[in-house]
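Enquirer: So here's query.cif, just mmCIF, C-alpha atoms:
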data_coords
#
loop_
_atom_site.label_atom_id
_atom_site.label_comp_id
_atom_site.auth_asym_id
_atom_site.auth_seq_id
_atom_site.Cartn_x
_atom_site.Cartn_y
_atom_site.Cartn_z
CA MET X 1 0.00 0.00 0.00
CA ALA X 2 2.79 2.38 0.95
CA THR X 3 4.60 1.67 -2.32
CA THR X 4 1.44 2.39 -4.30
CA ILE X 5 1.02 5.77 -2.58
CA ILE X 6 4.66 6.68 -3.30
CA LEU X 7 4.21 5.76 -6.97
CA ILE X 8 1.07 7.92 -7.15
CA GLU X 9 2.97 10.82 -5.57
CA LEU X 10 5.84 10.32 -8.04
CA ALA X 11 3.41 10.23 -10.96
CA LEU X 12 1.89 13.52 -9.80
CA VAL X 13 5.34 15.10 -9.40
CA LEU X 14 6.30 14.05 -12.94
CA LEU X 15 2.94 15.26 -14.26
CA PHE X 16 3.39 18.71 -12.72
CA ILE X 17 6.94 18.86 -14.12
CA PHE X 18 5.69 17.87 -17.59
CA ILE X 19 2.84 20.40 -17.57
CA GLY X 20 5.09 23.16 -16.21
CA ALA X 21 7.73 22.49 -18.86
CA ARG X 22 5.11 22.54 -21.62
CA VAL X 23 3.61 25.80 -20.37
CA GLY X 24 7.04 27.44 -20.19
CA GLY X 25 7.92 30.73 -18.53
CA ILE X 26 7.07 30.54 -14.85
CA GLY X 27 5.11 27.35 -15.52
CA LEU X 28 7.63 25.10 -13.78
CA GLY X 29 7.46 27.30 -10.69
CA VAL X 30 3.71 27.65 -10.33
CA TYR X 31 2.93 24.03 -11.20
CA GLY X 32 5.73 22.93 -8.90
CA MET X 33 4.17 24.94 -6.10
CA LEU X 34 0.82 23.34 -6.87
CA GLY X 35 2.61 20.03 -6.49
CA VAL X 36 3.88 21.09 -3.07
CA PHE X 37 0.32 21.94 -2.03
CA VAL X 38 -1.03 18.58 -3.23
CA LEU X 39 1.75 16.60 -1.53
CA VAL X 40 1.34 18.46 1.77
CA TYR X 41 -2.44 18.84 1.99
CA GLY X 42 -3.44 15.86 -0.14
CA PHE X 43 -0.95 13.23 1.01
CA GLY X 44 0.07 14.58 4.39
CA LEU X 45 3.78 14.99 3.67
CA ALA X 46 5.75 17.55 5.65
CA PRO X 47 7.00 20.44 3.47
CA GLY X 48 10.59 20.00 2.35
CA LYS X 49 13.21 22.70 2.61
CA ALA X 50 12.58 25.63 0.27
CA PRO X 51 15.72 26.55 -1.74
CA ILE X 52 16.00 30.05 -0.27
CA ASP X 53 19.81 30.27 -0.34
CA VAL X 54 20.02 29.28 -3.99
CA MET X 55 17.26 31.72 -4.92
CA MET X 56 19.11 34.55 -3.20
CA ILE X 57 22.30 33.73 -5.10
CA ILE X 58 20.44 33.72 -8.40
CA LEU X 59 18.82 37.06 -7.60
CA ALA X 60 22.22 38.60 -6.78
CA VAL X 61 23.77 37.33 -10.01
CA ILE X 62 20.74 38.48 -12.00
CA VAL X 63 21.11 42.01 -10.67
CA ALA X 64 24.80 42.15 -11.66
CA SER X 65 24.19 40.63 -15.10
CA ALA X 66 21.21 42.92 -15.74
CA ALA X 67 23.35 45.90 -14.73
CA LEU X 68 25.94 44.77 -17.30
CA GLN X 69 23.23 44.63 -19.96
CA ALA X 70 21.84 48.04 -19.00
CA SER X 71 25.36 49.51 -19.22
CA GLY X 72 25.85 48.21 -22.77
CA GLY X 73 28.57 45.82 -21.64
CA LEU X 74 26.90 42.73 -23.03
CA GLU X 75 26.66 44.31 -26.49
CA TRP X 76 30.32 45.32 -26.26
CA LEU X 77 31.30 41.72 -25.49
CA VAL X 78 29.29 40.48 -28.47
CA GLY X 79 31.06 42.97 -30.71
CA GLN X 80 34.48 41.75 -29.62
CA ALA X 81 33.52 38.13 -30.18
CA ALA X 82 32.05 38.89 -33.59
CA LYS X 83 35.21 40.61 -34.80
CA PHE X 84 37.34 37.70 -33.58
CA LEU X 85 35.16 35.12 -35.33
CA LYS X 86 35.21 37.12 -38.57
CA ARG X 87 39.03 37.01 -38.56
CA HIS X 88 39.05 33.19 -38.19
CA PRO X 89 36.24 31.89 -40.41
CA ASP X 90 37.98 28.59 -41.31
CA HIS X 91 37.96 27.52 -37.65
CA ILE X 92 34.40 28.60 -36.90
CA THR X 93 33.44 25.08 -35.73
CA TYR X 94 36.02 25.39 -32.94
CA TYR X 95 35.96 29.09 -32.10
CA GLY X 96 32.20 29.63 -32.35
CA PRO X 97 31.29 27.06 -29.66
CA LEU X 98 34.21 28.22 -27.50
CA CYS X 99 32.85 31.78 -27.61
CA THR X 100 29.35 30.77 -26.50
CA TRP X 101 30.90 28.58 -23.79
CA LEU X 102 33.08 31.42 -22.51
CA PHE X 103 30.14 33.84 -22.53
CA CYS X 104 28.20 31.41 -20.35
CA LEU X 105 31.15 30.83 -18.02
CA VAL X 106 31.30 34.57 -17.37
CA ALA X 107 27.58 35.40 -17.28
CA GLY X 108 26.24 32.17 -15.77
CA THR X 109 23.41 31.72 -18.28
CA ALA X 110 23.22 29.94 -21.64
CA HIS X 111 20.87 32.61 -22.97
CA THR X 112 23.86 34.86 -23.74
CA CYS X 113 24.36 32.74 -26.89
CA TYR X 114 21.37 34.36 -28.65
CA SER X 115 23.53 37.25 -29.84
CA LEU X 116 26.31 35.01 -31.15
CA LEU X 117 24.35 32.24 -32.90
CA PRO X 118 23.32 34.33 -35.95
CA ILE X 119 26.90 35.61 -36.27
CA ILE X 120 28.29 32.06 -36.19
CA SER X 121 25.72 30.87 -38.74
CA GLU X 122 26.32 33.72 -41.19
CA ILE X 123 30.12 33.44 -41.01
CA ALA X 124 29.94 29.69 -41.68
CA GLN X 125 27.49 30.13 -44.54
CA ALA X 126 29.51 32.88 -46.20
CA ASN X 127 32.62 30.69 -46.11
CA LYS X 128 30.85 27.60 -47.53
CA ILE X 129 31.00 25.76 -44.19
CA ARG X 130 27.93 23.75 -43.20
CA PRO X 131 26.35 25.99 -40.48
CA GLU X 132 24.88 23.00 -38.67
CA ARG X 133 28.36 22.01 -37.51
CA PRO X 134 29.25 25.12 -35.48
CA VAL X 135 25.69 26.27 -34.69
CA SER X 136 24.49 23.04 -33.06
CA LEU X 137 27.69 22.64 -31.05
CA ALA X 138 27.69 26.33 -30.07
CA THR X 139 24.16 25.92 -28.70
CA VAL X 140 25.13 22.86 -26.65
CA SER X 141 28.39 24.49 -25.52
CA ALA X 142 26.51 27.43 -24.06
CA SER X 143 24.64 25.05 -21.76
CA LEU X 144 27.84 23.18 -20.90
CA GLY X 145 29.29 26.45 -19.63
CA ILE X 146 26.74 26.50 -16.82
CA THR X 147 28.41 23.57 -15.06
CA GLY X 148 31.74 25.41 -15.06
CA SER X 149 30.56 28.94 -14.32
CA PRO X 150 31.34 30.41 -10.88
CA VAL X 151 28.16 32.49 -11.05
CA SER X 152 25.58 30.06 -12.47
CA ALA X 153 22.55 28.99 -10.47
CA ALA X 154 23.53 25.31 -10.83
CA THR X 155 27.02 25.92 -9.42
CA ALA X 156 25.56 28.01 -6.62
CA ALA X 157 23.22 25.14 -5.75
CA ILE X 158 25.84 22.41 -5.80
CA ILE X 159 28.31 24.25 -3.53
CA SER X 160 25.71 25.39 -1.00
CA GLN X 161 25.99 24.01 2.53
CA ASP X 162 22.88 21.86 2.03
CA PHE X 163 24.55 20.07 -0.88
CA LEU X 164 28.22 19.40 -1.70
CA GLY X 165 29.38 22.46 0.24
CA GLY X 166 28.42 20.55 3.35
CA GLN X 167 30.57 17.64 2.09
CA GLY X 168 33.71 19.77 1.90
CA ILE X 169 33.46 20.65 -1.80
CA GLU X 170 34.39 24.29 -2.52
CA LEU X 171 33.90 26.41 -5.64
CA GLY X 172 37.56 25.93 -6.53
CA THR X 173 37.04 22.18 -6.86
CA ILE X 174 34.12 22.65 -9.27
CA LEU X 175 36.13 25.04 -11.45
CA MET X 176 39.29 22.91 -11.49
CA VAL X 177 37.28 19.88 -12.59
CA CYS X 178 34.53 21.21 -14.85
CA ILE X 179 36.28 23.98 -16.82
CA PRO X 180 39.05 21.81 -18.33
CA ALA X 181 36.54 18.98 -18.79
CA GLY X 182 34.22 21.32 -20.70
CA PHE X 183 37.03 22.70 -22.87
CA ILE X 184 38.27 19.24 -23.86
CA ALA X 185 34.73 18.06 -24.54
CA ILE X 186 34.10 20.97 -26.93
CA MET X 187 37.38 20.36 -28.78
CA VAL X 188 36.60 16.66 -29.24
CA SER X 189 33.05 17.39 -30.37
CA ALA X 190 34.22 20.11 -32.80
CA PHE X 191 36.60 17.64 -34.45
CA ILE X 192 33.72 15.18 -34.89
CA GLN X 193 31.34 17.90 -36.08
CA ASN X 194 33.70 18.84 -38.90
CA HIS X 195 33.15 15.38 -40.38
CA LEU X 196 29.36 15.22 -40.06
CA GLY X 197 26.84 15.89 -42.81
CA LYS X 198 27.31 16.80 -46.44
CA GLU X 199 29.36 19.81 -47.42
CA LEU X 200 27.19 22.91 -47.65
CA GLU X 201 27.18 23.16 -51.45
CA ASP X 202 26.15 19.48 -51.70
CA ASP X 203 23.30 19.73 -49.20
CA PRO X 204 19.94 19.34 -50.98
CA GLU X 205 18.05 21.70 -48.68
CA TYR X 206 20.65 24.43 -49.12
CA ARG X 207 20.65 24.00 -52.90
CA ARG X 208 16.86 24.16 -52.94
CA ARG X 209 16.91 27.46 -51.06
CA VAL X 210 19.56 28.88 -53.39
CA GLU X 211 17.57 27.84 -56.48
CA LYS X 212 14.44 29.49 -55.11
CA GLY X 213 16.34 32.68 -54.41
CA MET X 214 15.90 32.39 -50.65
CA ILE X 215 19.69 32.56 -50.28
CA ASN X 216 22.17 34.48 -52.45
CA PRO X 217 25.69 33.21 -51.60
CA GLU X 218 27.53 36.01 -53.42
CA GLU X 219 25.53 38.76 -51.75
CA ASP X 220 25.81 37.05 -48.37
CA LEU X 221 29.59 36.95 -48.66
CA LYS X 222 29.66 40.62 -49.65
CA ASN X 223 27.16 41.86 -47.08
CA LEU X 224 28.04 39.69 -44.10
CA GLN X 225 27.01 41.68 -41.05
CA VAL X 226 28.45 41.16 -37.59
CA ALA X 227 27.95 42.94 -34.30
CA GLU X 228 30.11 46.05 -33.96
CA ASP X 229 31.61 47.77 -30.94
CA ASN X 230 29.10 49.55 -28.77
CA PRO X 231 29.69 53.26 -29.49
CA ASP X 232 29.49 54.03 -25.78
CA PRO X 233 33.14 54.02 -24.59
CA HIS X 234 32.00 53.35 -21.02
CA ALA X 235 30.44 50.00 -21.92
CA LYS X 236 33.75 48.15 -21.77
CA TYR X 237 34.39 49.55 -18.29
CA SER X 238 31.22 47.88 -17.08
CA VAL X 239 32.55 44.58 -18.48
CA TRP X 240 35.78 44.96 -16.53
CA ALA X 241 33.77 45.73 -13.40
CA PHE X 242 31.68 42.59 -13.87
CA LEU X 243 34.78 40.47 -14.48
CA PHE X 244 36.33 41.96 -11.36
CA GLY X 245 33.34 40.71 -9.38
CA VAL X 246 33.69 37.24 -10.91
CA ALA X 247 37.43 37.25 -10.10
CA VAL X 248 36.72 38.14 -6.47
CA ILE X 249 34.26 35.24 -6.21
CA VAL X 250 36.77 32.84 -7.77
CA LEU X 251 39.47 34.05 -5.34
CA PHE X 252 37.28 33.46 -2.30
CA GLY X 253 36.27 30.10 -3.74
CA PHE X 254 39.84 28.91 -4.26
CA VAL X 255 41.10 30.34 -0.94
CA PRO X 256 38.38 29.76 1.68
CA SER X 257 40.67 31.10 4.42
CA LEU X 258 40.16 34.61 3.02
CA ARG X 259 36.52 34.50 4.06
CA PRO X 260 35.61 35.57 7.62
CA GLU X 261 34.83 32.70 9.94
CA GLY X 262 31.25 31.53 9.59
CA VAL X 263 30.71 33.16 6.17
CA SER X 264 29.73 30.59 3.53
CA MET X 265 30.55 30.73 -0.16
CA SER X 266 26.87 31.17 -0.94
CA GLU X 267 26.70 34.30 1.23
CA THR X 268 29.92 35.57 -0.34
CA ILE X 269 28.48 35.28 -3.86
CA GLU X 270 25.33 37.12 -2.76
CA MET X 271 27.28 39.99 -1.20
CA VAL X 272 29.83 40.36 -3.99
CA MET X 273 27.43 40.24 -6.94
CA MET X 274 24.89 42.62 -5.44
CA SER X 275 27.69 45.01 -4.49
CA ILE X 276 29.45 44.82 -7.85
CA ALA X 277 26.22 45.86 -9.57
CA ILE X 278 26.74 49.34 -8.08
CA LEU X 279 30.23 49.55 -9.60
CA ILE X 280 28.98 48.28 -12.98
CA VAL X 281 26.27 50.94 -13.12
CA ALA X 282 28.67 53.66 -11.99
CA VAL X 283 31.50 53.01 -14.47
CA GLY X 284 29.07 52.17 -17.28
CA ARG X 285 27.09 55.35 -16.60
CA ALA X 286 23.79 53.47 -16.70
CA LYS X 287 20.64 54.18 -14.74
CA LEU X 288 19.64 51.86 -11.93
CA ALA X 289 16.06 52.21 -13.11
CA ASP X 290 17.03 50.51 -16.39
CA VAL X 291 18.48 47.41 -14.73
CA PRO X 292 15.17 45.52 -14.22
CA LYS X 293 13.95 46.40 -17.73
CA GLY X 294 16.29 44.13 -19.69
CA SER X 295 15.74 40.59 -20.95
CA ILE X 296 18.31 39.10 -18.58
CA PHE X 297 16.45 40.34 -15.51
CA SER X 298 13.16 38.98 -16.83
CA ALA X 299 14.65 35.58 -17.70
CA GLY X 300 16.38 35.43 -14.32
CA ILE X 301 13.20 36.07 -12.38
CA ASN X 302 11.54 33.26 -14.34
CA ALA X 303 14.39 30.99 -13.24
CA VAL X 304 13.97 31.98 -9.59
CA ILE X 305 10.25 31.23 -9.66
CA ALA X 306 10.84 27.93 -11.46
CA ILE X 307 13.43 26.79 -8.94
CA PHE X 308 11.27 27.93 -5.99
CA GLY X 309 8.36 25.71 -7.04
CA ILE X 310 10.04 22.75 -8.68
CA ALA X 311 12.86 22.33 -6.17
CA TRP X 312 10.52 22.66 -3.18
CA MET X 313 8.24 20.03 -4.71
CA GLY X 314 11.19 17.69 -5.26
CA SER X 315 12.44 18.27 -1.74
CA THR X 316 8.99 17.62 -0.27
CA PHE X 317 8.58 14.37 -2.21
CA TYR X 318 12.06 13.15 -1.34
CA THR X 319 12.09 14.02 2.37
CA GLY X 320 8.61 12.55 2.80
CA ASN X 321 9.71 9.26 1.25
CA ALA X 322 13.46 9.33 1.90
CA GLU X 323 13.72 5.89 3.47
CA ALA X 324 11.84 4.12 0.70
CA ILE X 325 13.69 5.99 -2.07
CA ASN X 326 17.10 5.35 -0.51
CA ASN X 327 16.35 1.66 -0.06
CA ALA X 328 15.22 1.36 -3.68
CA LEU X 329 18.28 3.10 -5.09
CA SER X 330 21.00 2.12 -2.66
CA GLY X 331 21.56 -1.38 -4.03
CA MET X 332 21.79 -0.17 -7.61
CA VAL X 333 24.05 2.78 -6.81
CA ASP X 334 26.24 0.76 -4.45
CA ALA X 335 26.89 -1.72 -7.23
CA VAL X 336 27.42 0.87 -9.97
CA PRO X 337 27.56 4.44 -8.56
CA PHE X 338 27.86 5.92 -12.03
CA LEU X 339 24.27 4.86 -12.77
CA PHE X 340 23.35 8.02 -10.87
CA VAL X 341 24.49 9.85 -14.01
CA VAL X 342 21.55 8.39 -15.93
CA ALA X 343 19.12 9.71 -13.33
CA LEU X 344 20.66 13.20 -13.50
CA PHE X 345 20.52 13.21 -17.30
CA ALA X 346 16.91 12.02 -17.44
CA MET X 347 15.75 14.49 -14.79
CA SER X 348 17.39 17.42 -16.60
CA ILE X 349 15.41 16.53 -19.73
CA MET X 350 12.19 16.88 -17.76
CA LEU X 351 13.15 19.94 -15.72
CA PHE X 352 14.86 22.02 -18.46
CA SER X 353 17.08 23.41 -15.69
CA GLN X 354 20.49 22.39 -14.40
CA ALA X 355 19.90 24.11 -11.06
CA ALA X 356 16.51 22.48 -10.56
CA THR X 357 18.03 19.09 -11.40
CA VAL X 358 20.75 19.63 -8.80
CA MET X 359 18.19 20.71 -6.23
CA THR X 360 16.01 17.69 -6.95
CA LEU X 361 18.49 14.80 -7.18
CA TYR X 362 21.76 15.73 -5.48
CA PRO X 363 20.23 15.30 -1.98
CA VAL X 364 19.48 11.72 -3.04
CA GLY X 365 23.08 11.17 -4.16
CA ILE X 366 24.42 12.58 -0.91
CA ALA X 367 22.01 10.51 1.18
CA LEU X 368 23.09 7.37 -0.68
CA GLY X 369 26.68 8.04 0.31
CA ILE X 370 28.10 8.60 -3.18
CA ASN X 371 31.63 10.00 -3.03
CA PRO X 372 31.37 13.85 -3.22
CA LEU X 373 34.16 14.01 -5.83
CA LEU X 374 32.29 11.49 -7.94
CA LEU X 375 29.20 13.70 -7.69
CA VAL X 376 31.37 16.60 -8.94
CA ALA X 377 32.47 14.51 -11.93
CA MET X 378 28.80 13.76 -12.66
CA PHE X 379 27.87 17.46 -12.65
CA PRO X 380 27.90 17.85 -16.50
CA ALA X 381 25.15 15.20 -16.70
CA VAL X 382 22.60 17.85 -15.70
CA ASN X 383 22.95 19.38 -19.20
CA GLY X 384 20.69 16.77 -20.79
CA TYR X 385 17.86 19.04 -21.90
CA PHE X 386 19.30 19.17 -25.42
CA PHE X 387 17.66 15.74 -25.94
CA LEU X 388 14.33 17.33 -26.91
CA PRO X 389 14.68 20.23 -29.38
CA ASN X 390 12.29 22.60 -27.61
CA TYR X 391 14.61 24.53 -25.32
CA PRO X 392 14.70 28.26 -26.26
CA THR X 393 18.37 28.25 -27.31
CA GLU X 394 17.77 25.30 -29.65
CA VAL X 395 14.65 26.86 -31.13
CA ALA X 396 16.62 30.06 -31.73
CA ALA X 397 19.48 28.16 -33.37
CA LEU X 398 17.09 26.45 -35.77
CA GLY X 399 15.78 29.83 -36.85
CA PHE X 400 19.17 31.52 -37.18
CA ASP X 401 20.50 28.94 -39.67
CA ARG X 402 19.02 30.22 -42.94
CA THR X 403 20.49 27.29 -44.89
CA GLY X 404 18.25 24.74 -43.17
CA THR X 405 21.17 22.43 -42.31
CA THR X 406 20.43 22.78 -38.57
CA HIS X 407 17.21 20.82 -38.41
CA VAL X 408 14.78 18.58 -36.55
CA GLY X 409 14.19 15.21 -38.19
CA LYS X 410 11.01 13.31 -38.88
CA TYR X 411 11.10 11.51 -35.53
CA VAL X 412 11.77 14.72 -33.51
CA VAL X 413 14.61 13.21 -31.46
CA ASN X 414 16.79 12.83 -34.58
CA HIS X 415 17.88 16.46 -34.62
CA SER X 416 21.12 18.39 -35.07
CA PHE X 417 21.85 18.80 -31.34
CA GLN X 418 21.92 15.10 -30.40
CA ILE X 419 25.45 14.15 -31.48
CA PRO X 420 27.23 17.25 -30.08
CA GLY X 421 25.07 16.98 -26.96
CA PHE X 422 25.94 13.36 -26.22
CA VAL X 423 29.60 13.77 -27.18
CA THR X 424 30.15 16.81 -24.94
CA THR X 425 28.26 15.19 -22.06
CA ILE X 426 30.08 11.85 -22.21
CA VAL X 427 33.53 13.37 -22.78
CA SER X 428 33.14 16.05 -20.09
CA ILE X 429 31.99 13.50 -17.48
CA THR X 430 34.85 11.15 -18.41
CA VAL X 431 37.49 13.86 -18.25
CA ALA X 432 36.01 15.24 -15.03
CA TYR X 433 36.20 11.79 -13.47
CA VAL X 434 39.86 11.42 -14.45
CA ILE X 435 40.65 14.83 -12.94
CA THR X 436 38.96 13.92 -9.64
CA LEU X 437 41.27 10.91 -9.34
CA PHE X 438 44.15 13.33 -8.76
CA LEU X 439 42.37 15.51 -6.18
#
Now that the file is in, can you turn its structure into structure tokens?
Expert:
Amino acid sequence: MATTIILIELALVLLFIFIGARVGGIGLGVYGMLGVFVLVYGFGLAPGKAPIDVMMIILAVIVASAALQASGGLEWLVGQAAKFLKRHPDHITYYGPLCTWLFCLVAGTAHTCYSLLPIISEIAQANKIRPERPVSLATVSASLGITGSPVSAATAAIISQDFLGGQGIELGTILMVCIPAGFIAIMVSAFIQNHLGKELEDDPEYRRRVEKGMINPEEDLKNLQVAEDNPDPHAKYSVWAFLFGVAVIVLFGFVPSLRPEGVSMSETIEMVMMSIAILIVAVGRAKLADVPKGSIFSAGINAVIAIFGIAWMGSTFYTGNAEAINNALSGMVDAVPFLFVVALFAMSIMLFSQAATVMTLYPVGIALGINPLLLVAMFPAVNGYFFLPNYPTEVAALGFDRTGTTHVGKYVVNHSFQIPGFVTTIVSITVAYVITLFL
């Protein structure tokens, strides 16, 4: 009887996740909160722990990132990247994904790739390189940057005291493991991408569009447009201010002794990023009133609401059934701990959020006694939402490739992002595991 009730609760949790993901926006948050209500008042479970600390970190990072956008710093960064990519068109499959990855490492969100994807696509097309190769990998690489970023919500969650921070894992460990793992994964995937698909001029869909006049290769080569420097000379100062804040966080993460006694890394991130927003606005000569008006602030608030509802629902379900869940999983994980990777990957597909996946499943991994360093190596597995081609960055990438080479196949799951997604995930986890063996 007890098992039946748990399965019903699990089915409801998955249903609310599915509906919330389909609705989009704040759907995950509000349907997750509805799930909390049903579990507590319908099934009598005690409320789990709300992810307040993680939400506060995300809010602090959002304010700093939104200040950077309001100061014109984000546009300035895009301009620099665009000029670099234009100078190295033959290596666009390597440099394009690296640029979107680096943008995400600095900003903590994959949505920064929107500005670069059309640039990458047009440069590839103008130089007769199949755009699918760099565009699909660049989209996946942006997400991979989240699990190596010192200011992403997922990293903030995993190093909090309630998660791996309480197991002795500091920010420095995450960066030392996940950044080189991500870089190597992108390089390996780029090499593979360069050998996938027909050459652009032999692709039937591209040729069809050229014949119909939808694409004019000669004019495209002549009129290739890329983002230019922001005319405001103060914009780059706001970028340096933001990077200074990131550097301070990294310093405190690598050298915990610099933090006052009793001050956690989570609290440090909150204080630094909220404070650095003042410097960003000052040197960038922006108005504080413009900070909450940008797209980054809006997207960030959606993330906070989503994590509030979905993570609290996951926590409530897990804590209310912890003994049964641990007993069911312990044998499997004890025998093959790396099977936990599959659970992380599958959950990220449903949640469309690395941070929410961490909040939902990492307590289970910790409770099962999985080695904390092994859980660090598994961190890239939370990037599995590329599996279904309906995440905003993937939808944008499909639209930005005017040649039609970046596509979704007849069976939906046979799309352009699958191979780079699986390659980067598998390689990054493998490399991360090897690195942890030396820590």
Enquirer: List the residues matched by the PyMOL selection byres ((chain X and resi 97) around 7) in the displayed structure as a PyMOL selection string, ordered by chain and then by residue number.
Expert: chain X and resi 93-96+98-101+134+137-138+141
Enquirer: Return as an mmCIF file with C-alpha atoms, in the coordinates of the input the set of residues that the PyMOL selection byres ((chain X and resi 383) around 12) yields on the displayed structure.
Expert:
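Result file follows (part.cif):
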data_model
loop_
_atom_site.group_PDB
_atom_site.id
_atom_site.type_symbol
_atom_site.label_atom_id
_atom_site.label_comp_id
_atom_site.auth_asym_id
_atom_site.auth_seq_id
_atom_site.Cartn_x
_atom_site.Cartn_y
_atom_site.Cartn_z
ATOM 1 C CA ALA X 110 23.220 29.940 -21.640
ATOM 2 C CA THR X 139 24.160 25.920 -28.700
ATOM 3 C CA VAL X 140 25.130 22.860 -26.650
ATOM 4 C CA SER X 141 28.390 24.490 -25.520
ATOM 5 C CA ALA X 142 26.510 27.430 -24.060
ATOM 6 C CA SER X 143 24.640 25.050 -21.760
ATOM 7 C CA LEU X 144 27.840 23.180 -20.900
ATOM 8 C CA GLY X 145 29.290 26.450 -19.630
ATOM 9 C CA ILE X 146 26.740 26.500 -16.820
ATOM 10 C CA THR X 147 28.410 23.570 -15.060
ATOM 11 C CA GLY X 148 31.740 25.410 -15.060
ATOM 12 C CA ALA X 154 23.530 25.310 -10.830
ATOM 13 C CA GLY X 182 34.220 21.320 -20.700
ATOM 14 C CA VAL X 341 24.490 9.850 -14.010
ATOM 15 C CA VAL X 342 21.550 8.390 -15.930
ATOM 16 C CA ALA X 343 19.120 9.710 -13.330
ATOM 17 C CA LEU X 344 20.660 13.200 -13.500
ATOM 18 C CA PHE X 345 20.520 13.210 -17.300
ATOM 19 C CA ALA X 346 16.910 12.020 -17.440
ATOM 20 C CA MET X 347 15.750 14.490 -14.790
ATOM 21 C CA SER X 348 17.390 17.420 -16.600
ATOM 22 C CA ILE X 349 15.410 16.530 -19.730
ATOM 23 C CA MET X 350 12.190 16.880 -17.760
ATOM 24 C CA LEU X 351 13.150 19.940 -15.720
ATOM 25 C CA PHE X 352 14.860 22.020 -18.460
ATOM 26 C CA SER X 353 17.080 23.410 -15.690
ATOM 27 C CA GLN X 354 20.490 22.390 -14.400
ATOM 28 C CA ALA X 355 19.900 24.110 -11.060
ATOM 29 C CA ALA X 356 16.510 22.480 -10.560
ATOM 30 C CA THR X 357 18.030 19.090 -11.400
ATOM 31 C CA VAL X 358 20.750 19.630 -8.800
ATOM 32 C CA MET X 378 28.800 13.760 -12.660
ATOM 33 C CA PHE X 379 27.870 17.460 -12.650
ATOM 34 C CA PRO X 380 27.900 17.850 -16.500
ATOM 35 C CA ALA X 381 25.150 15.200 -16.700
ATOM 36 C CA VAL X 382 22.600 17.850 -15.700
ATOM 37 C CA GLY X 384 20.690 16.770 -20.790
ATOM 38 C CA TYR X 385 17.860 19.040 -21.900
ATOM 39 C CA PHE X 386 19.300 19.170 -25.420
ATOM 40 C CA PHE X 387 17.660 15.740 -25.940
ATOM 41 C CA LEU X 388 14.330 17.330 -26.910
ATOM 42 C CA TYR X 391 14.610 24.530 -25.320
ATOM 43 C CA PRO X 420 27.230 17.250 -30.080
ATOM 44 C CA GLY X 421 25.070 16.980 -26.960
ATOM 45 C CA PHE X 422 25.940 13.360 -26.220
ATOM 46 C CA VAL X 423 29.600 13.770 -27.180
ATOM 47 C CA THR X 424 30.150 16.810 -24.940
ATOM 48 C CA THR X 425 28.260 15.190 -22.060
ATOM 49 C CA ILE X 426 30.080 11.850 -22.210
ATOM 50 C CA SER X 428 33.140 16.050 -20.090
ATOM 51 C CA ILE X 429 31.990 13.500 -17.480
#
Enquirer: Could you give me, as a compact mmCIF listing (two decimals) with C-alpha atoms, keeping the file's coordinate frame, the residues within 8 Å of Gln125 in chain X, counting all atoms listed in the file and dropping anything in the same chain fewer than 5 positions from it?
Expert:
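What landed in selection_34.txt:
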# COMPACT_ATOMS: atom_id res chain seq x y z
CA ARG X 130 27.93 23.75 -43.20
CA PRO X 131 26.35 25.99 -40.48
CA LEU X 200 27.19 22.91 -47.65
CA PRO X 217 25.69 33.21 -51.60
CA THR X 403 20.49 27.29 -44.89
Enquirer: Run the PyMOL selection byres ((chain X and resi 363-376) around 8) against the file shown and list the residues it catches, as a list in words.
Expert: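 Evaluating the PyMOL selection byres ((chain X and resi 363-376) around 8) on these coordinates yields Phe163, Leu164, Gln167, Ile169, Ile174, Val177, Tyr318, Asn326, Leu329, Ser330, Val333, Pro337, Phe340, Met359, Thr360, Leu361, Tyr362, Ala377, Met378, Phe379, Ala432, Tyr433 and Thr436 of chain X.
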Enquirer: If you keep C-alpha atoms, can you produce a file of those selected residues as a compact mmCIF listing (two decimals), in the frame of the given file?
Expert:
# COMPACT_ATOMS: atom_id res chain seq x y z
CA PHE X 163 24.55 20.07 -0.88
CA LEU X 164 28.22 19.40 -1.70
CA GLN X 167 30.57 17.64 2.09
CA ILE X 169 33.46 20.65 -1.80
CA ILE X 174 34.12 22.65 -9.27
CA VAL X 177 37.28 19.88 -12.59
CA TYR X 318 12.06 13.15 -1.34
CA ASN X 326 17.10 5.35 -0.51
CA LEU X 329 18.28 3.10 -5.09
CA SER X 330 21.00 2.12 -2.66
CA VAL X 333 24.05 2.78 -6.81
CA PRO X 337 27.56 4.44 -8.56
CA PHE X 340 23.35 8.02 -10.87
CA MET X 359 18.19 20.71 -6.23
CA THR X 360 16.01 17.69 -6.95
CA LEU X 361 18.49 14.80 -7.18
CA TYR X 362 21.76 15.73 -5.48
CA ALA X 377 32.47 14.51 -11.93
CA MET X 378 28.80 13.76 -12.66
CA PHE X 379 27.87 17.46 -12.65
CA ALA X 432 36.01 15.24 -15.03
CA TYR X 433 36.20 11.79 -13.47
CA THR X 436 38.96 13.92 -9.64
Enquirer: Report, in Å with one decimal, the straight-line distance from CA of Ala64 in chain X to CA of Pro256 in chain X.
Expert: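 So the two atoms, CA of Ala64 in chain X and CA of Pro256 in chain X, lie 22.7 Å apart.
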Enquirer: Could you tell me how far CA of Ser315 in chain X lies from CA of Ala107 in chain X, in Å and to one decimal?
Expert: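 Computing it gives 27.6 Å between the two atoms.
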Enquirer: Could you pull the residues within 9 Å of Phe43 in chain X, counting only C-alpha atoms, minus those fewer than 5 positions along the same chain, as a list in words?
Expert: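 In the requested format, the answer is Ile5, Glu9 and Val38 of chain X.
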